[in-house]
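Structure data (mmCIF, C-alpha atoms) from entry-v3.cif:
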data_final
#
loop_
_atom_site.label_atom_id
_atom_site.label_comp_id
_atom_site.auth_asym_id
_atom_site.auth_seq_id
_atom_site.Cartn_x
_atom_site.Cartn_y
_atom_site.Cartn_z
CA MET J 54 83.32 -19.60 167.53
CA MET J 55 82.33 -19.57 171.19
CA ARG J 56 84.70 -16.77 171.87
CA ILE J 57 83.09 -14.50 169.34
CA PHE J 58 79.70 -15.00 170.94
CA ASP J 59 81.14 -14.57 174.42
CA PHE J 60 82.19 -11.12 173.39
CA PHE J 61 78.56 -10.07 173.16
CA ARG J 62 77.54 -11.53 176.47
CA ARG J 63 77.81 -9.81 179.74
CA PRO J 64 80.98 -10.89 181.44
CA GLU J 65 80.39 -13.67 183.93
CA PRO J 66 81.61 -13.04 187.46
CA ALA J 67 84.79 -14.86 188.37
CA ALA J 68 84.03 -18.51 189.01
CA ASP J 69 85.34 -18.53 192.58
CA ALA J 70 83.56 -15.38 193.74
CA PRO J 71 79.82 -15.62 194.39
CA PRO J 72 77.76 -12.95 192.64
CA PRO J 73 77.49 -9.62 194.51
CA ALA J 74 73.92 -10.21 195.65
CA ALA J 75 74.86 -13.56 197.18
CA GLN J 76 77.79 -11.93 198.93
CA ALA J 77 75.46 -9.23 200.26
CA LYS J 78 73.03 -11.84 201.60
CA GLU J 79 75.71 -13.86 203.31
CA ARG J 80 77.32 -10.80 204.91
CA LEU J 81 73.95 -9.59 206.18
CA GLN J 82 73.06 -13.00 207.59
CA ILE J 83 76.29 -13.18 209.53
CA VAL J 84 76.24 -9.67 210.91
CA MET J 85 72.53 -9.68 211.75
CA ALA J 86 72.62 -13.09 213.41
CA HIS J 87 75.22 -11.71 215.78
CA GLU J 88 73.23 -8.57 216.41
CA ARG J 89 70.03 -10.48 217.09
CA ALA J 90 71.79 -12.84 219.43
CA GLY J 91 72.17 -9.77 221.63
CA ARG J 92 75.77 -10.53 222.34
CA GLU J 93 76.69 -7.22 220.80
CA GLY J 94 75.25 -5.45 223.84
CA PRO J 95 77.08 -2.31 224.79
CA ASP J 96 78.90 -3.84 227.69
CA PHE J 97 79.72 -7.34 226.55
CA LEU J 98 83.19 -6.85 225.09
CA VAL J 99 84.05 -4.02 227.46
CA LYS J 100 83.27 -6.14 230.51
CA LEU J 101 84.92 -9.18 229.02
CA GLN J 102 88.10 -7.22 228.44
CA GLN J 103 88.05 -5.67 231.92
CA GLU J 104 87.56 -9.01 233.62
CA LEU J 105 90.18 -10.76 231.51
CA LEU J 106 92.67 -8.03 232.30
CA ALA J 107 91.78 -8.16 235.98
CA VAL J 108 92.56 -11.87 236.04
CA ILE J 109 95.83 -11.48 234.15
CA SER J 110 96.84 -8.55 236.36
CA LYS J 111 96.63 -10.82 239.38
CA TYR J 112 99.64 -12.65 238.05
CA VAL J 113 101.53 -10.24 235.81
CA ASP J 114 101.95 -6.48 235.66
CA ILE J 115 100.56 -5.51 232.30
CA ASP J 116 100.24 -2.24 230.44
CA SER J 117 96.65 -1.70 229.38
CA ASN J 118 97.96 0.03 226.24
CA LYS J 119 99.58 -3.22 225.13
CA VAL J 120 96.36 -5.16 224.87
CA GLU J 121 94.93 -5.96 221.49
CA VAL J 122 91.50 -7.49 221.03
CA ARG J 123 90.44 -8.80 217.67
CA MET J 124 87.18 -10.29 216.59
CA ASP J 125 86.22 -12.22 213.52
CA ARG J 126 82.57 -13.12 213.23
CA GLY J 127 81.79 -16.12 211.12
CA GLN J 128 78.64 -17.94 210.20
CA ASN J 129 79.27 -21.01 212.32
CA CYS J 130 82.16 -19.92 214.39
CA SER J 131 83.58 -16.65 215.65
CA THR J 132 87.00 -16.04 217.00
CA LEU J 133 87.95 -13.59 219.68
CA GLU J 134 91.64 -13.02 219.88
CA VAL J 135 93.19 -11.27 222.86
CA ASN J 136 96.86 -10.43 222.65
CA VAL J 137 98.46 -9.22 225.83
CA GLU J 138 102.05 -8.13 225.74
CA LEU J 139 103.77 -9.24 228.92
CA PRO J 140 106.64 -7.02 229.97
CA ARG J 141 110.10 -8.42 230.57
CA PRO J 142 110.53 -8.48 234.32
CA ALA J 143 112.87 -5.74 235.50
CA ALA J 144 116.31 -6.99 236.50
CA GLY J 145 116.30 -8.10 240.11
CA ALA J 146 112.58 -7.51 240.48
CA ARG J 147 110.52 -10.41 241.64
CA GLN J 148 107.66 -11.46 239.48
CA LYS J 149 104.26 -11.62 241.03
CA PRO J 150 103.61 -14.98 242.66
CA ALA J 151 102.29 -17.81 240.56
CA ALA J 152 103.41 -16.20 237.34
CA GLY J 153 105.03 -19.35 236.10
CA LYS J 154 104.79 -18.42 232.47
CA PRO J 155 107.80 -17.63 230.33
CA GLU J 156 108.41 -14.00 229.52
CA ARG J 157 107.94 -13.99 225.79
CA PRO J 158 104.76 -12.31 224.56
CA GLN J 159 101.89 -14.70 224.80
CA HIS J 160 98.85 -14.94 222.68
CA GLY J 161 95.56 -16.28 223.73
CA ALA J 162 92.65 -17.03 221.51
CA LEU J 163 89.16 -17.75 222.62
CA VAL J 164 86.97 -19.54 220.17
CA GLU J 165 83.26 -19.45 220.67
CA ARG J 166 80.80 -21.60 218.84
CA THR J 167 77.81 -19.59 217.88
CA PRO J 168 74.80 -21.65 216.98
CA HIS J 169 72.84 -19.67 214.43
CA GLY J 170 70.48 -22.46 213.50
CA SER J 171 67.53 -20.15 213.32
CA HIS J 172 69.17 -17.67 210.99
CA GLY J 173 69.64 -18.64 207.43
CA PRO J 174 71.08 -21.71 205.82
CA GLN J 175 74.08 -23.42 207.25
CA GLY J 176 76.71 -25.51 205.70
CA ASP J 177 75.83 -24.60 202.16
CA ARG J 178 79.01 -22.63 201.92
CA ALA J 179 82.53 -23.54 202.70
CA PRO J 180 83.61 -22.33 206.12
CA HIS J 181 85.56 -19.10 206.10
CA GLY J 182 88.85 -20.74 206.65
CA PRO J 183 90.45 -23.51 208.49
CA SER J 184 89.30 -22.51 211.95
CA ALA J 185 86.04 -24.40 212.01
CA GLN J 186 87.66 -27.73 211.41
CA GLN J 187 90.64 -26.99 213.53
CA HIS J 188 88.77 -26.42 216.71
CA GLY J 189 86.25 -29.15 216.29
CA PRO J 190 82.54 -29.04 217.01
CA ALA J 191 82.91 -29.68 220.73
CA ALA J 192 84.89 -26.55 221.46
CA GLN J 193 82.71 -24.33 223.57
CA GLN J 194 85.33 -21.93 224.78
CA HIS J 195 88.61 -23.46 224.28
CA GLY J 196 92.25 -22.83 223.79
CA GLN J 197 94.11 -20.21 225.68
CA GLY J 198 97.72 -19.39 225.98
CA SER J 199 98.89 -21.55 223.14
CA ASP J 200 100.68 -20.08 220.21
CA LYS J 201 99.62 -23.05 218.19
CA GLY J 202 96.10 -22.06 217.38
CA HIS J 203 97.00 -18.45 216.80
CA GLY J 204 98.18 -18.50 213.24
CA GLY J 205 95.25 -20.44 211.94
CA ASN J 206 92.70 -18.19 213.55
CA LYS J 207 92.53 -15.56 210.90
CA PRO J 208 90.25 -16.93 208.27
CA ARG J 209 89.48 -13.41 207.17
CA ASP J 210 92.95 -12.71 205.85
CA GLY J 211 92.84 -15.20 203.07
CA GLY J 212 89.26 -14.50 202.20
CA GLU J 213 89.69 -10.80 201.87
CA GLY J 214 92.87 -11.03 199.92
CA LYS J 215 91.13 -13.19 197.41
CA LYS J 216 88.16 -10.89 197.15
CA ALA J 217 90.34 -7.89 196.51
CA ALA J 218 92.25 -9.73 193.84
CA ALA J 219 89.24 -11.15 192.06
CA PRO J 220 88.47 -9.24 188.90
CA GLY J 221 85.02 -7.70 188.93
CA PRO J 222 82.84 -8.02 185.91
CA ALA J 223 84.04 -5.56 183.32
CA ARG J 224 81.54 -2.99 182.37
CA MET E 32 97.72 18.24 212.35
CA GLY E 33 94.97 16.41 210.55
CA THR E 34 92.14 18.00 208.61
CA ILE E 35 88.54 17.15 209.50
CA ILE E 36 86.16 16.65 206.57
CA THR E 37 82.46 16.10 207.27
CA MET E 38 80.32 14.32 204.69
CA THR E 39 76.80 15.60 205.24
CA SER E 40 73.51 16.16 203.38
CA GLY E 41 70.49 16.65 205.61
CA LYS E 42 68.52 14.15 203.54
CA GLY E 43 69.03 10.42 203.91
CA GLY E 44 69.88 7.96 201.18
CA VAL E 45 71.76 10.39 198.95
CA GLY E 46 75.12 8.62 199.25
CA LYS E 47 76.93 9.97 202.31
CA THR E 48 78.29 6.62 203.42
CA THR E 49 79.20 5.51 199.90
CA SER E 50 80.93 8.86 199.37
CA SER E 51 82.69 8.74 202.75
CA ALA E 52 84.05 5.28 202.01
CA ALA E 53 85.06 6.23 198.48
CA PHE E 54 86.65 9.52 199.47
CA ALA E 55 88.58 8.06 202.40
CA THR E 56 89.84 5.21 200.26
CA GLY E 57 90.76 7.64 197.48
CA LEU E 58 92.79 9.80 199.87
CA ALA E 59 94.58 6.77 201.30
CA LEU E 60 95.34 5.47 197.80
CA ARG E 61 97.17 8.76 197.20
CA GLY E 62 99.33 8.09 200.23
CA HIS E 63 97.50 10.19 202.82
CA ARG E 64 96.93 8.54 206.18
CA THR E 65 93.15 8.66 206.53
CA VAL E 66 90.51 7.53 209.00
CA VAL E 67 86.78 7.43 208.33
CA ILE E 68 84.40 7.66 211.30
CA ASP E 69 80.78 6.55 211.46
CA PHE E 70 78.67 9.13 213.35
CA ASP E 71 75.39 7.30 212.80
CA VAL E 72 75.09 5.87 216.31
CA GLY E 73 72.56 3.06 216.53
CA LEU E 74 72.37 2.62 212.75
CA ARG E 75 75.92 1.82 211.84
CA ASN E 76 76.56 0.94 208.22
CA LEU E 77 79.96 2.30 207.31
CA ASP E 78 81.46 -1.00 208.54
CA LEU E 79 79.38 -2.89 205.95
CA VAL E 80 80.27 -0.53 203.13
CA MET E 81 83.96 -0.74 204.07
CA GLY E 82 83.69 -4.53 204.40
CA CYS E 83 84.99 -4.74 207.97
CA GLU E 84 81.72 -5.57 209.75
CA ARG E 85 82.97 -8.88 211.07
CA ARG E 86 86.00 -7.33 212.71
CA VAL E 87 84.34 -4.65 214.85
CA VAL E 88 85.42 -5.05 218.46
CA PHE E 89 85.27 -1.66 220.15
CA ASP E 90 83.78 1.48 218.71
CA PHE E 91 83.79 5.28 218.73
CA ILE E 92 81.41 5.36 221.73
CA ASN E 93 83.62 3.00 223.74
CA VAL E 94 86.50 5.40 223.12
CA ILE E 95 84.41 8.45 224.07
CA ASN E 96 83.42 6.68 227.31
CA ASN E 97 87.02 5.61 228.01
CA GLU E 98 86.00 1.96 227.84
CA ALA E 99 88.57 1.21 225.17
CA LYS E 100 91.68 2.84 223.78
CA LEU E 101 91.53 4.55 220.42
CA HIS E 102 94.00 2.10 218.86
CA GLN E 103 91.80 -0.81 219.96
CA ALA E 104 88.76 0.61 218.17
CA LEU E 105 90.49 1.59 214.91
CA ILE E 106 90.14 -1.07 212.22
CA LYS E 107 92.97 -1.17 209.72
CA ASP E 108 91.86 -1.69 206.14
CA LYS E 109 93.45 -4.80 204.67
CA ARG E 110 93.46 -3.51 201.09
CA VAL E 111 94.82 0.02 201.29
CA ASP E 112 97.77 1.16 203.37
CA GLY E 113 97.13 4.01 205.78
CA LEU E 114 93.34 3.59 205.73
CA TYR E 115 91.44 3.05 208.99
CA VAL E 116 87.79 2.79 209.99
CA LEU E 117 86.37 3.91 213.32
CA PRO E 118 82.98 2.21 213.55
CA THR E 119 80.20 3.42 215.79
CA SER E 120 78.00 1.64 218.28
CA GLN E 121 74.97 -0.28 217.04
CA THR E 122 73.36 -0.47 220.47
CA ARG E 123 73.51 3.00 221.98
CA ASP E 124 71.86 6.20 220.88
CA LYS E 125 73.03 9.53 219.55
CA ASP E 126 73.18 11.10 223.02
CA ALA E 127 76.32 9.05 223.58
CA LEU E 128 78.06 11.60 221.32
CA THR E 129 79.04 14.33 223.75
CA ARG E 130 80.66 17.45 222.37
CA ASP E 131 83.68 17.12 224.65
CA GLY E 132 84.02 13.41 224.03
CA VAL E 133 83.88 13.80 220.25
CA GLY E 134 86.34 16.71 220.46
CA ARG E 135 88.78 14.69 222.52
CA VAL E 136 88.75 11.72 220.15
CA LEU E 137 89.05 13.94 217.05
CA GLU E 138 91.98 15.74 218.66
CA GLU E 139 93.72 12.42 219.26
CA LEU E 140 93.02 11.39 215.65
CA ARG E 141 94.41 14.70 214.37
CA GLN E 142 97.78 13.77 215.84
CA GLN E 143 97.90 10.51 213.86
CA PHE E 144 96.06 11.14 210.61
CA GLU E 145 96.24 13.63 207.76
CA TYR E 146 92.55 13.38 206.98
CA ILE E 147 89.63 12.52 209.24
CA ILE E 148 86.39 11.89 207.37
CA CYS E 149 83.22 12.15 209.46
CA ASP E 150 80.31 10.24 207.94
CA SER E 151 77.28 12.15 209.24
CA PRO E 152 73.87 10.63 209.93
CA ALA E 153 70.90 12.05 208.04
CA GLY E 154 68.83 14.77 209.63
CA ILE E 155 69.75 17.93 211.49
CA GLU E 156 69.54 16.51 214.97
CA HIS E 157 72.23 15.89 217.56
CA GLY E 158 74.20 13.22 215.64
CA ALA E 159 74.44 15.33 212.51
CA MET E 160 75.37 18.41 214.54
CA MET E 161 78.15 16.53 216.31
CA ALA E 162 79.47 15.28 212.96
CA LEU E 163 79.72 18.80 211.57
CA TYR E 164 80.68 20.73 214.72
CA TYR E 165 84.45 20.23 214.44
CA ALA E 166 84.62 20.28 210.63
CA ASP E 167 87.34 22.14 208.72
CA HIS E 168 85.72 21.14 205.43
CA ALA E 169 82.17 20.06 204.69
CA ILE E 170 81.29 18.03 201.63
CA ILE E 171 77.59 18.42 200.91
CA VAL E 172 76.30 15.30 199.20
CA THR E 173 73.30 16.23 197.07
CA ASN E 174 71.13 14.44 194.52
CA PRO E 175 69.72 16.44 191.60
CA GLU E 176 66.28 16.30 193.14
CA VAL E 177 64.16 18.93 194.91
CA SER E 178 64.04 17.55 198.45
CA SER E 179 67.74 16.81 198.51
CA VAL E 180 68.66 20.30 197.28
CA ARG E 181 66.42 21.95 199.83
CA ASP E 182 67.82 19.82 202.68
CA SER E 183 71.36 20.62 201.54
CA ASP E 184 70.57 24.29 201.84
CA ARG E 185 69.30 23.72 205.35
CA ILE E 186 72.44 21.88 206.42
CA LEU E 187 74.59 24.63 204.86
CA GLY E 188 72.79 27.06 207.12
CA MET E 189 73.60 24.87 210.14
CA ILE E 190 77.28 24.74 209.18
CA ALA E 191 77.40 28.52 208.87
CA ALA E 192 75.71 29.07 212.23
CA ARG E 193 76.38 26.14 214.54
CA SER E 194 79.83 24.76 213.75
CA ARG E 195 82.77 25.32 216.05
CA ARG E 196 84.39 27.60 213.49
CA ALA E 197 81.22 29.72 213.40
CA GLU E 198 80.87 29.82 217.17
CA LEU E 199 84.50 30.83 217.73
CA ASP E 200 84.50 33.28 214.81
CA LEU E 201 87.33 31.44 213.04
CA ASP E 202 87.70 31.07 209.28
CA PRO E 203 84.46 29.52 208.08
CA VAL E 204 84.16 25.83 207.23
CA SER E 205 85.10 25.29 203.54
CA GLU E 206 82.09 23.99 201.70
CA HIS E 207 82.15 21.67 198.70
CA LEU E 208 79.30 20.24 196.68
CA LEU E 209 79.31 16.61 195.60
CA LEU E 210 76.44 15.92 193.24
CA THR E 211 75.69 12.20 193.23
CA ARG E 212 73.40 9.86 191.26
CA TYR E 213 73.57 12.19 188.27
CA GLU E 214 71.92 10.86 185.12
CA PRO E 215 73.04 12.84 182.05
CA ASN E 216 70.45 11.11 179.87
CA ARG E 217 67.61 12.36 182.00
CA VAL E 218 69.18 15.79 182.34
CA GLU E 219 69.32 15.93 178.55
CA ARG E 220 65.63 15.06 178.33
CA GLY E 221 64.82 17.78 180.84
CA GLU E 222 63.70 15.27 183.50
CA MET E 223 66.44 16.00 185.99
CA LEU E 224 67.99 19.16 187.44
CA LYS E 225 71.22 20.16 185.68
CA VAL E 226 74.51 20.60 187.55
CA ASP E 227 74.28 24.31 186.79
CA ASP E 228 70.77 24.53 188.22
CA VAL E 229 71.91 23.02 191.51
CA LEU E 230 75.01 25.22 191.63
CA GLU E 231 72.94 28.31 190.98
CA ILE E 232 70.56 27.46 193.82
CA LEU E 233 73.11 26.36 196.41
CA ALA E 234 76.07 28.58 195.41
CA VAL E 235 78.69 26.15 196.73
CA PRO E 236 81.86 25.29 194.77
CA LEU E 237 81.50 22.03 192.86
CA LEU E 238 83.84 19.24 193.98
CA GLY E 239 82.50 16.53 191.74
CA VAL E 240 79.59 14.99 189.89
CA ILE E 241 79.18 11.25 190.42
CA PRO E 242 77.11 9.59 187.71
CA GLU E 243 74.42 7.08 188.65
CA SER E 244 76.22 3.76 188.42
CA GLN E 245 75.54 0.08 188.90
CA ALA E 246 78.96 -0.18 190.47
CA VAL E 247 77.70 1.51 193.64
CA LEU E 248 75.25 -1.26 194.54
CA LYS E 249 77.85 -3.85 193.73
CA ALA E 250 80.32 -2.04 195.98
CA SER E 251 78.02 -2.11 198.99
CA ASN E 252 77.00 -5.70 198.30
CA THR E 253 80.57 -6.83 198.43
CA GLY E 254 81.98 -4.37 200.95
CA VAL E 255 84.56 -3.03 198.53
CA PRO E 256 84.54 0.81 198.29
CA VAL E 257 83.61 1.89 194.79
CA VAL E 258 87.04 3.40 194.10
CA LEU E 259 88.53 -0.08 194.46
CA ASP E 260 85.79 -1.85 192.59
CA ASP E 261 86.59 -1.55 188.92
CA LYS E 262 86.91 1.01 186.20
CA SER E 263 83.35 2.26 186.57
CA ASN E 264 82.49 5.87 185.87
CA ALA E 265 81.56 6.34 189.53
CA ASN E 266 85.03 5.17 190.54
CA LEU E 267 86.72 7.57 188.11
CA ALA E 268 84.47 10.44 189.18
CA TYR E 269 85.30 9.88 192.86
CA ARG E 270 89.01 9.73 192.08
CA ASP E 271 88.71 13.02 190.18
CA ALA E 272 86.89 14.59 193.14
CA VAL E 273 89.67 13.50 195.49
CA GLY E 274 92.22 15.04 193.14
CA ARG E 275 90.29 18.32 193.06
CA PHE E 276 90.05 18.32 196.85
CA LEU E 277 93.85 18.03 196.94
CA GLY E 278 94.07 21.12 194.72
CA GLU E 279 94.51 19.59 191.29
CA GLN E 280 92.81 21.07 188.24
CA ILE E 281 90.72 18.27 186.82
CA GLU E 282 87.97 18.84 184.32
CA HIS E 283 84.50 17.51 185.16
CA ARG E 284 83.39 14.54 183.08
CA PHE E 285 80.37 12.27 182.76
CA LEU E 286 78.15 15.34 182.48
CA LYS E 287 76.92 14.47 178.99
CA PRO E 288 75.21 11.26 177.90
CA GLU E 289 77.70 8.72 176.65
CA LYS E 290 77.78 8.30 172.93
CA ARG E 291 76.61 4.77 172.41
CA GLY E 292 77.58 2.93 169.29
CA LEU E 293 75.10 0.95 167.23
CA PHE E 294 76.33 -2.30 168.79
CA THR E 295 75.91 -1.31 172.42
CA ARG E 296 72.56 0.27 171.64
CA LEU E 297 71.30 -2.90 170.04
CA LEU E 298 72.59 -5.01 172.90
CA GLY E 299 71.14 -2.68 175.50
CA ARG E 300 74.18 -2.67 177.72
CA PRO E 301 73.94 -0.24 180.60
CA ALA E 302 75.99 2.90 180.31
#
Starting from the file, give its structure as structure tokens.
Amino acid sequence: MMRIFDFFRRPEPAADAPPPAAQAKERLQIVMAHERAGREGPDFLVKLQQELLAVISKYVDIDSNKVEVRMDRGQNCSTLEVNVELPRPAAGARQKPAAGKPERPQHGALVERTPHGSHGPQGDRAPHGPSAQQHGPAAQQHGQGSDKGHGGNKPRDGGEGKKAAAPGPAR
Amino acid sequence: MGTIITMTSGKGGVGKTTSSAAFATGLALRGHRTVVIDFDVGLRNLDLVMGCERRVVFDFINVINNEAKLHQALIKDKRVDGLYVLPTSQTRDKDALTRDGVGRVLEELRQQFEYIICDSPAGIEHGAMMALYYADHAIIVTNPEVSSVRDSDRILGMIAARSRRAELDLDPVSEHLLLTRYEPNRVERGEMLKVDDVLEILAVPLLGVIPESQAVLKASNTGVPVVLDDKSNANLAYRDAVGRFLGEQIEHRFLKPEKRGLFTRLLGRPA
């Protein structure tokens, strides 16, 4: 019986996906909290990248074309991922001093906690992936040079995949 | 060498960004490597409509100013192969778009992409002029409404006089009309301009008619371009328009009110 009546109702959105308006609100809260925090200033990421590269260049010759910077802004936690491909030292060439690192490509991930207490509700929604728990509440800027944290730092992958796969309400 | 398509309108709020996102996604779905660029410096929104707002690191302006490499600023879409977004800056102003800088970046993109979609800001000021200057094709997004049609005519005049192709006396920019937010019911009742009325006034070849659709709001809410959203009429109309752009003969549909059965009429479901 229920099924016959269901036919006449508007299709309910998939149980795991919040309704579109709720998604819109959450996305706006995240993106606008970051914009209001002023950390999106024109020079922030540019300067950060330049200074990071300057430090790394002190120890290793790097190709500025082989630098990848990725950002994932979350409600409670954002990740900034900087991948720098380190070249294999030329045969016979001496590495720069103090470059004690192995020659395989190394990944570094910076995790910043962004307190957005003043913007919107917190904690009413599951975090966007495992990263929040993984890095713990005390992490101010933590973790660099370890491959360990790298894989888990892409909460967006899973989330988006799910969204794309979720059936929208039929019309 | 890639083709540059500018999505422009003069008037704001007619659906340039929605159409840019839908068109770029539609081209990529057909296997064409496509990038969509936000030219609305200071008021960026293409990132939201494409659902990549949390992943913006560097932007178009950083690349123009040589503060970042092009490949660092391009955001790869996670749903469709060969689809990329080049977001703009939210903090600078339109003056950051220099003609040489824009030309240099577009030239670099031409080497890597088949189609480059430029999502123009509203207005006829500097940002809009930079978005249309290098165009090979211009898609004029128009609503069946007096102010939109008049503004479209104005922007058509700009394309004919102030684009690079006009200045260098090359073949003119190909113009296409995309009529959006069309409501056949209201057209039928004589409340809204007909497709033919708009075509008669603007005299631009018709690329597509996109019916008013609830799917468009849902698409921007969720950051999923409307051509990926579901089987809505807007989705199908955009896919048809992409096919026509690629040279296919596809008949226009959704121009007449849908025949609604007794059941749907009684239940008041939206068309």
Handout entry: Near-segment 242-256 of chain E list (7 Å; only C-alpha atoms; drop same-chain fewer than 6 positions) as a VMD selection string
Key = (chain J and resid 73 to 74 76 to 77) or (chain E and resid 52 to 53 79 to 82 211 to 214 263 to 265 285)
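This file gives the following result for the PyMOL selection byres ((chain E) within 8 of (chain J)): E:Glu84, E:Arg85, E:Arg86, E:Val87, E:Val88, E:Phe89, E:Asn93, E:Glu98, E:Ala99, E:Lys100, E:Gln103, E:Lys109, E:Arg110, E:Ser120, E:Thr122, E:Arg123, E:Lys249, E:Ser251, E:Asn252, E:Thr253, E:Val255, E:Asp260, E:Asp261, E:Lys262, E:Ser263, E:Leu298.
Counting from atom CA of Pro118 of chain E, the distance to atom CA of Val180 of chain E is 28.2 Å.
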Output check: residues returned by the PyMOL selection byres ((chain E and resi 236) around 7), as a CSV table (one decimal) with C-alpha atoms, keeping the file's coordinate frame:
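Final output, selection_14.csv:
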chain,number,residue,atom,x,y,z
E,207,HIS,CA,82.2,21.7,198.7
E,208,LEU,CA,79.3,20.2,196.7
E,234,ALA,CA,76.1,28.6,195.4
E,235,VAL,CA,78.7,26.2,196.7
E,237,LEU,CA,81.5,22.0,192.9
E,238,LEU,CA,83.8,19.2,194.0
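Using the PyMOL selection byres ((chain E and resi 224) around 10) on this structure selects Asn174, Pro175, Glu176, Val177, Val180, Tyr213, Glu214, Pro215, Arg217, Val218, Glu219, Gly221, Glu222, Met223, Lys225, Val226, Asp227, Asp228 and Val229 of chain E.
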Handout entry: Å distance separating atom CA of Leu137 of chain E from atom CA of Tyr165 of chain E, one decimal place
Key =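 Atom-to-atom, atom CA of Leu137 of chain E and atom CA of Tyr165 of chain E are spaced 8.2 Å apart.
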Exercise for the section: Please measure the separation of atom CA of Val240 of chain E and atom CA of Ala55 of chain E, giving the value in Å to one decimal. Expected result: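 Pair atom CA of Val240 of chain E / atom CA of Ala55 of chain E returns 16.9 Å.
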Problem - Who sits within 6 Å of Lys42 of chain E, all atoms listed in the file, same chain under 3 positions skipped, as an NGL selection string - result: :E and (153 or 179 or 182)
